[in-house]
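Novice: Here it is, the structure in full.
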Amino acid sequence: MKNIVIFGAPGSGKGTQSDLLIKKYGLGHISTGDVLRSEIKAGTDLGRTAADYINKGQLIPDELMVSILAGVYDGFGKDHPGVIFDGFPRTIPQAEALKQMLADRGHRIAAMIELDVPEDELMARLIKRGQESGRSDDNADTIRKRLDVYHSQTQPLIKWYQDEGLHHHINGLGTLERIFADICQVTDNL
């Protein structure tokens, strides 16, 4: 089973590379943003609880997020080929909770694949994405804030996954094909 955490700063190409991995390896995909929107739209108990936090401008507690993700993960069945975790974990406590949730099922993370892209390129990509998609959160001020949060809260996960022996660094600058080939080399060896 190839459970993979795809990791990188906003604009590093996680979604694009996840789509390619799904096509090639038949992996499931858990994007925390998509999952939350789906639970809220479906009006589930967890979705209503999550919406209460979101509507108050609060972060969803890790325990609730892990419960939501566990439900989605279990929905893939016992014999799935693996899942890509996109947007989770974002903190060390979340990584520990994810590790425990999978261990409770006899599963584990096989790899954390880090897409490393220089900050000036991230800014350019996100501003371009905002212009093309109309996403209001892809403006220079918001992007800087998101990158600051990434550096202060999320980036420490790199060392945590290195200590776990699961970290794989990928140069996220270059052609889509070369980046994906590098990711496939890691995935094929899991």
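Naming works like this for the structure tokens: A, B, ... for the chains as they're shown, residue 1 at the start of each chain, ligands 1 onward in shown order.
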Skip Ala50 of chain A itself and residues of its chain fewer than 3 positions away, then list as a list of chain:residue names all residues within 10 Å of it, counting only C-alpha atoms.
Specialist: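 Counting only C-alpha atoms, the residues come to A:Leu36, A:Arg37, A:Glu39, A:Ile40, A:Thr44, A:Asp45, A:Leu46, A:Gly47, A:Tyr53, A:Ile54, A:Asn55, A:Gln58, A:Leu59, A:Ile60, A:Pro61, A:Leu64, A:Met65, A:Ile68.
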Novice: Those same residues, written as a short mmCIF file (atom, residue, chain, number, x, y, z; two decimals), in the first residue's frame with all heavy atoms?
Specialist:
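Result written to selection21.cif:
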data_model
loop_
_atom_site.label_atom_id
_atom_site.label_comp_id
_atom_site.auth_asym_id
_atom_site.auth_seq_id
_atom_site.Cartn_x
_atom_site.Cartn_y
_atom_site.Cartn_z
N LEU A 36 -13.62 18.77 3.50
CA LEU A 36 -14.42 19.64 4.37
C LEU A 36 -15.62 20.22 3.61
O LEU A 36 -16.74 20.22 4.13
CB LEU A 36 -13.57 20.77 4.93
CG LEU A 36 -12.61 20.37 6.04
CD1 LEU A 36 -11.69 21.54 6.39
CD2 LEU A 36 -13.37 19.91 7.28
N ARG A 37 -15.39 20.69 2.40
CA ARG A 37 -16.49 21.24 1.61
C ARG A 37 -17.57 20.18 1.37
O ARG A 37 -18.76 20.45 1.46
CB ARG A 37 -15.98 21.81 0.29
CG ARG A 37 -15.28 23.17 0.45
CD ARG A 37 -14.90 23.79 -0.88
NE ARG A 37 -13.78 23.11 -1.50
CZ ARG A 37 -12.50 23.34 -1.22
NH1 ARG A 37 -12.18 24.24 -0.31
NH2 ARG A 37 -11.54 22.69 -1.84
N GLU A 39 -18.23 17.40 3.23
CA GLU A 39 -18.92 17.07 4.49
C GLU A 39 -19.93 18.16 4.86
O GLU A 39 -21.03 17.86 5.30
CB GLU A 39 -17.90 16.89 5.63
CG GLU A 39 -17.03 15.67 5.51
CD GLU A 39 -17.76 14.37 5.82
OE1 GLU A 39 -18.60 14.34 6.74
OE2 GLU A 39 -17.48 13.38 5.13
N ILE A 40 -19.52 19.41 4.67
CA ILE A 40 -20.41 20.53 4.99
C ILE A 40 -21.61 20.53 4.05
O ILE A 40 -22.76 20.66 4.48
CB ILE A 40 -19.64 21.87 4.95
CG1 ILE A 40 -18.64 21.92 6.12
CG2 ILE A 40 -20.59 23.06 4.99
CD1 ILE A 40 -17.61 23.03 6.03
N THR A 44 -23.48 16.39 7.02
CA THR A 44 -23.19 15.34 8.00
C THR A 44 -22.96 15.98 9.37
O THR A 44 -22.72 17.18 9.48
CB THR A 44 -21.94 14.54 7.61
OG1 THR A 44 -20.79 15.40 7.68
CG2 THR A 44 -22.06 13.94 6.21
N ASP A 45 -23.01 15.15 10.42
CA ASP A 45 -22.74 15.65 11.76
C ASP A 45 -21.36 16.29 11.82
O ASP A 45 -21.20 17.39 12.36
CB ASP A 45 -22.83 14.52 12.80
CG ASP A 45 -24.26 14.06 13.04
OD1 ASP A 45 -25.19 14.81 12.68
OD2 ASP A 45 -24.43 12.96 13.58
N LEU A 46 -20.37 15.59 11.26
CA LEU A 46 -19.01 16.14 11.25
C LEU A 46 -18.95 17.43 10.44
O LEU A 46 -18.28 18.39 10.80
CB LEU A 46 -18.02 15.12 10.69
CG LEU A 46 -17.71 13.92 11.59
CD1 LEU A 46 -16.85 12.91 10.85
CD2 LEU A 46 -17.02 14.36 12.86
N GLY A 47 -19.66 17.46 9.33
CA GLY A 47 -19.69 18.66 8.49
C GLY A 47 -20.30 19.85 9.21
O GLY A 47 -19.79 20.97 9.12
N TYR A 53 -17.05 25.73 13.42
CA TYR A 53 -15.70 26.29 13.63
C TYR A 53 -15.36 27.28 12.52
O TYR A 53 -14.88 28.39 12.80
CB TYR A 53 -14.65 25.17 13.67
CG TYR A 53 -14.63 24.43 14.98
CD1 TYR A 53 -15.26 23.20 15.10
CD2 TYR A 53 -13.97 24.95 16.09
CE1 TYR A 53 -15.24 22.50 16.30
CE2 TYR A 53 -13.94 24.26 17.29
CZ TYR A 53 -14.59 23.04 17.39
OH TYR A 53 -14.57 22.35 18.57
N ILE A 54 -15.59 26.89 11.29
CA ILE A 54 -15.22 27.72 10.15
C ILE A 54 -15.99 29.04 10.19
O ILE A 54 -15.43 30.12 9.98
CB ILE A 54 -15.48 26.97 8.81
CG1 ILE A 54 -14.47 25.81 8.70
CG2 ILE A 54 -15.37 27.91 7.62
CD1 ILE A 54 -14.80 24.82 7.59
N ASN A 55 -17.29 28.96 10.47
CA ASN A 55 -18.12 30.17 10.51
C ASN A 55 -17.72 31.14 11.61
O ASN A 55 -17.98 32.33 11.52
CB ASN A 55 -19.60 29.80 10.65
CG ASN A 55 -20.13 29.09 9.42
OD1 ASN A 55 -19.57 29.22 8.32
ND2 ASN A 55 -21.19 28.33 9.58
N GLN A 58 -12.57 30.02 13.26
CA GLN A 58 -11.64 29.22 14.06
C GLN A 58 -11.09 28.06 13.24
O GLN A 58 -11.73 27.60 12.28
CB GLN A 58 -12.35 28.67 15.30
CG GLN A 58 -12.86 29.75 16.22
CD GLN A 58 -13.72 29.18 17.33
OE1 GLN A 58 -14.27 28.09 17.24
NE2 GLN A 58 -13.85 29.95 18.41
N LEU A 59 -9.92 27.57 13.64
CA LEU A 59 -9.35 26.38 13.02
C LEU A 59 -10.09 25.16 13.52
O LEU A 59 -10.51 25.10 14.68
CB LEU A 59 -7.86 26.25 13.36
CG LEU A 59 -6.94 27.31 12.78
CD1 LEU A 59 -5.52 27.10 13.30
CD2 LEU A 59 -6.96 27.29 11.27
N ILE A 60 -10.23 24.18 12.66
CA ILE A 60 -10.86 22.93 13.04
C ILE A 60 -9.87 22.15 13.91
O ILE A 60 -8.72 21.99 13.52
CB ILE A 60 -11.26 22.14 11.78
CG1 ILE A 60 -12.33 22.92 11.04
CG2 ILE A 60 -11.74 20.73 12.14
CD1 ILE A 60 -12.63 22.39 9.68
N PRO A 61 -10.30 21.68 15.07
CA PRO A 61 -9.38 20.93 15.94
C PRO A 61 -8.83 19.69 15.22
O PRO A 61 -9.53 19.06 14.43
CB PRO A 61 -10.25 20.53 17.13
CG PRO A 61 -11.43 21.44 17.09
CD PRO A 61 -11.63 21.82 15.66
N LEU A 64 -10.95 16.48 15.30
CA LEU A 64 -12.09 16.48 14.38
C LEU A 64 -11.61 16.24 12.95
O LEU A 64 -12.21 15.45 12.22
CB LEU A 64 -12.85 17.82 14.48
CG LEU A 64 -14.01 17.99 13.49
CD1 LEU A 64 -15.06 16.90 13.67
CD2 LEU A 64 -14.65 19.37 13.67
N MET A 65 -10.54 16.90 12.57
CA MET A 65 -10.02 16.73 11.21
C MET A 65 -9.61 15.29 10.97
O MET A 65 -9.90 14.71 9.92
CB MET A 65 -8.84 17.69 10.99
CG MET A 65 -8.51 17.91 9.54
SD MET A 65 -9.84 18.74 8.65
CE MET A 65 -10.00 17.65 7.26
N ILE A 68 -12.66 13.12 10.47
CA ILE A 68 -13.21 13.30 9.13
C ILE A 68 -12.35 12.53 8.12
O ILE A 68 -12.88 11.78 7.28
CB ILE A 68 -13.30 14.80 8.77
CG1 ILE A 68 -14.36 15.48 9.64
CG2 ILE A 68 -13.61 14.98 7.29
CD1 ILE A 68 -14.37 17.01 9.54
#
Novice: Show me, as a list of chain:residue names, the residues that have an atom within 12 Å of Val117 of chain A when counting only C-alpha atoms, minus same-chain residues fewer than 3 positions from it.
Specialist: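 In the requested form, the answer reads A:Phe7, A:Gly8, A:Ala9, A:Pro10, A:Gly11, A:Ser12, A:Gly13, A:Lys14, A:Glu114, A:Asp120, A:Glu121, A:Leu122, A:Met123, A:Ala124, A:Arg125, A:Leu147, A:His169, A:Ile170, A:Asn171, A:Gly172, A:Leu173, A:Gly174, A:Ile179.
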Novice: Just the number, please: distance in Å from atom CA of Gln131 of chain A to atom CA of Arg146 of chain A, one decimal.
Specialist: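 Between atom CA of Gln131 of chain A and atom CA of Arg146 of chain A the gap works out to 17.4 Å.
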Novice: Can you work out which one of A:Ala70, A:Met112, A:Gln17, A:Lys145 has the shortest atom-to-atom distance to Asp163 of chain A, counting only C-alpha atoms?
Specialist: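 Going through A:Ala70, A:Met112, A:Gln17, A:Lys145 one by one, the smallest distance to Asp163 of chain A is for A:Met112.
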Novice: Could you write out, as a ChimeraX atom specification, all the residues of segment 82-183 of chain A that DSSP marks as alpha helix (DSSP H)?
Specialist: /A:92-103,119-133,140-149,157-163,176-183
Novice: Go ahead and save the picked residues with C-alpha atoms, as a PDB file, in the first residue's frame.
Specialist:
ATOM      1  CA  ILE A  92       3.638  17.880  13.730  1.00  0.00           C
ATOM      2  CA  PRO A  93       0.666  17.022  16.008  1.00  0.00           C
ATOM      3  CA  GLN A  94      -1.405  16.359  12.869  1.00  0.00           C
ATOM      4  CA  ALA A  95       1.374  14.117  11.472  1.00  0.00           C
ATOM      5  CA  GLU A  96       1.424  12.180  14.736  1.00  0.00           C
ATOM      6  CA  ALA A  97      -2.378  11.844  14.688  1.00  0.00           C
ATOM      7  CA  LEU A  98      -2.324  10.661  11.060  1.00  0.00           C
ATOM      8  CA  LYS A  99       0.375   8.122  11.897  1.00  0.00           C
ATOM      9  CA  GLN A 100      -1.744   6.783  14.771  1.00  0.00           C
ATOM     10  CA  MET A 101      -4.965   6.708  12.729  1.00  0.00           C
ATOM     11  CA  LEU A 102      -3.227   4.631  10.041  1.00  0.00           C
ATOM     12  CA  ALA A 103      -1.489   2.396  12.608  1.00  0.00           C
ATOM     13  CA  GLU A 119       9.716  31.470  -3.100  1.00  0.00           C
ATOM     14  CA  ASP A 120       9.920  33.905  -6.044  1.00  0.00           C
ATOM     15  CA  GLU A 121       8.608  31.147  -8.332  1.00  0.00           C
ATOM     16  CA  LEU A 122       5.808  30.310  -5.873  1.00  0.00           C
ATOM     17  CA  MET A 123       4.729  33.968  -5.882  1.00  0.00           C
ATOM     18  CA  ALA A 124       4.755  34.103  -9.682  1.00  0.00           C
ATOM     19  CA  ARG A 125       2.780  30.843 -10.016  1.00  0.00           C
ATOM     20  CA  LEU A 126       0.145  31.852  -7.479  1.00  0.00           C
ATOM     21  CA  ILE A 127      -0.335  35.333  -8.896  1.00  0.00           C
ATOM     22  CA  LYS A 128      -0.705  33.805 -12.380  1.00  0.00           C
ATOM     23  CA  ARG A 129      -3.180  31.234 -11.030  1.00  0.00           C
ATOM     24  CA  GLY A 130      -5.188  34.036  -9.427  1.00  0.00           C
ATOM     25  CA  GLN A 131      -5.303  35.965 -12.702  1.00  0.00           C
ATOM     26  CA  GLU A 132      -6.375  32.881 -14.663  1.00  0.00           C
ATOM     27  CA  SER A 133      -8.856  31.443 -12.156  1.00  0.00           C
ATOM     28  CA  ALA A 140       0.396  39.213  -3.318  1.00  0.00           C
ATOM     29  CA  ASP A 141      -0.546  40.107   0.286  1.00  0.00           C
ATOM     30  CA  THR A 142      -2.511  36.914   0.924  1.00  0.00           C
ATOM     31  CA  ILE A 143       0.156  34.792  -0.761  1.00  0.00           C
ATOM     32  CA  ARG A 144       2.858  36.277   1.489  1.00  0.00           C
ATOM     33  CA  LYS A 145       0.739  35.503   4.568  1.00  0.00           C
ATOM     34  CA  ARG A 146       0.120  31.926   3.375  1.00  0.00           C
ATOM     35  CA  LEU A 147       3.839  31.437   2.745  1.00  0.00           C
ATOM     36  CA  ASP A 148       4.680  32.852   6.195  1.00  0.00           C
ATOM     37  CA  VAL A 149       2.267  30.355   7.784  1.00  0.00           C
ATOM     38  CA  LEU A 157       7.246  18.664   9.128  1.00  0.00           C
ATOM     39  CA  ILE A 158      10.182  18.168   6.761  1.00  0.00           C
ATOM     40  CA  LYS A 159      12.485  17.356   9.689  1.00  0.00           C
ATOM     41  CA  TRP A 160       9.800  15.233  11.363  1.00  0.00           C
ATOM     42  CA  TYR A 161       9.406  13.084   8.227  1.00  0.00           C
ATOM     43  CA  GLN A 162      13.202  12.969   7.788  1.00  0.00           C
ATOM     44  CA  ASP A 163      13.436  11.581  11.322  1.00  0.00           C
ATOM     45  CA  LEU A 176       6.054  19.015 -15.402  1.00  0.00           C
ATOM     46  CA  GLU A 177       7.306  15.807 -17.026  1.00  0.00           C
ATOM     47  CA  ARG A 178      10.697  15.838 -15.271  1.00  0.00           C
ATOM     48  CA  ILE A 179       9.139  16.576 -11.883  1.00  0.00           C
ATOM     49  CA  PHE A 180       6.613  13.758 -12.342  1.00  0.00           C
ATOM     50  CA  ALA A 181       9.358  11.360 -13.463  1.00  0.00           C
ATOM     51  CA  ASP A 182      11.265  12.131 -10.250  1.00  0.00           C
ATOM     52  CA  ILE A 183       8.117  11.494  -8.186  1.00  0.00           C
TER      53      ILE A 183
END
Novice: Which polymer residues have any atom within 7 Å of an atom of Phe85 of chain A, counting only C-alpha atoms, with same-chain residues fewer than 6 positions away left out, as a compact mmCIF listing (two decimals) with all heavy atoms, in the first residue's frame?
Specialist:
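Once written, result.txt looks like this:
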# COMPACT_ATOMS: atom_id res chain seq x y z
N ILE A 4 0.78 8.15 0.57
CA ILE A 4 1.78 9.20 0.32
C ILE A 4 1.26 10.54 0.82
O ILE A 4 0.11 10.91 0.55
CB ILE A 4 2.09 9.29 -1.19
CG1 ILE A 4 2.71 7.98 -1.68
CG2 ILE A 4 2.97 10.49 -1.50
CD1 ILE A 4 2.81 7.88 -3.20
N VAL A 5 2.11 11.26 1.53
CA VAL A 5 1.83 12.66 1.86
C VAL A 5 2.53 13.48 0.79
O VAL A 5 3.75 13.40 0.63
CB VAL A 5 2.37 13.04 3.26
CG1 VAL A 5 2.26 14.55 3.48
CG2 VAL A 5 1.63 12.28 4.35
N ILE A 6 1.77 14.25 0.02
CA ILE A 6 2.38 15.17 -0.95
C ILE A 6 2.47 16.52 -0.25
O ILE A 6 1.52 16.99 0.36
CB ILE A 6 1.62 15.23 -2.29
CG1 ILE A 6 2.46 15.96 -3.31
CG2 ILE A 6 0.24 15.81 -2.16
CD1 ILE A 6 2.50 15.33 -4.65
N HIS A 29 -7.40 9.89 -3.31
CA HIS A 29 -6.92 11.25 -3.05
C HIS A 29 -7.75 11.85 -1.93
O HIS A 29 -8.98 11.84 -2.01
CB HIS A 29 -7.04 12.08 -4.34
CG HIS A 29 -6.50 13.47 -4.21
ND1 HIS A 29 -7.25 14.58 -4.53
CD2 HIS A 29 -5.29 13.94 -3.83
CE1 HIS A 29 -6.51 15.67 -4.34
NE2 HIS A 29 -5.33 15.30 -3.92
N ILE A 30 -7.07 12.33 -0.91
CA ILE A 30 -7.76 13.03 0.17
C ILE A 30 -7.18 14.43 0.26
O ILE A 30 -6.05 14.62 0.68
CB ILE A 30 -7.61 12.30 1.52
CG1 ILE A 30 -8.23 10.90 1.45
CG2 ILE A 30 -8.27 13.12 2.63
CD1 ILE A 30 -8.09 10.09 2.72
N SER A 31 -7.97 15.39 -0.20
CA SER A 31 -7.62 16.80 -0.08
C SER A 31 -8.49 17.37 1.04
O SER A 31 -9.71 17.30 0.97
CB SER A 31 -7.92 17.53 -1.38
OG SER A 31 -7.96 18.92 -1.18
Novice: Kindly indicate which residue among A:Gly87, A:Ala110, A:Ser152, A:Asn3 lies nearest to Gly26 of chain A, using only C-alpha atoms for the distances.
Specialist: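 Using only C-alpha atoms, Gly26 of chain A sits closest to A:Asn3.
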Novice: Rank A:Thr91, A:Thr187, A:Phe76, A:Tyr150 by their smallest atom-to-atom distance to Gly28 of chain A, using only C-alpha atoms, and report the top residue only.
Specialist: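 That would be A:Phe76, the residue with the smallest distance to Gly28 of chain A.
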Novice: Do you have the atom CA of Asp86 of chain A-atom CA of Asp188 of chain A distance handy?
Specialist: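 Atom CA of Asp86 of chain A sits 19.2 Å away from atom CA of Asp188 of chain A.
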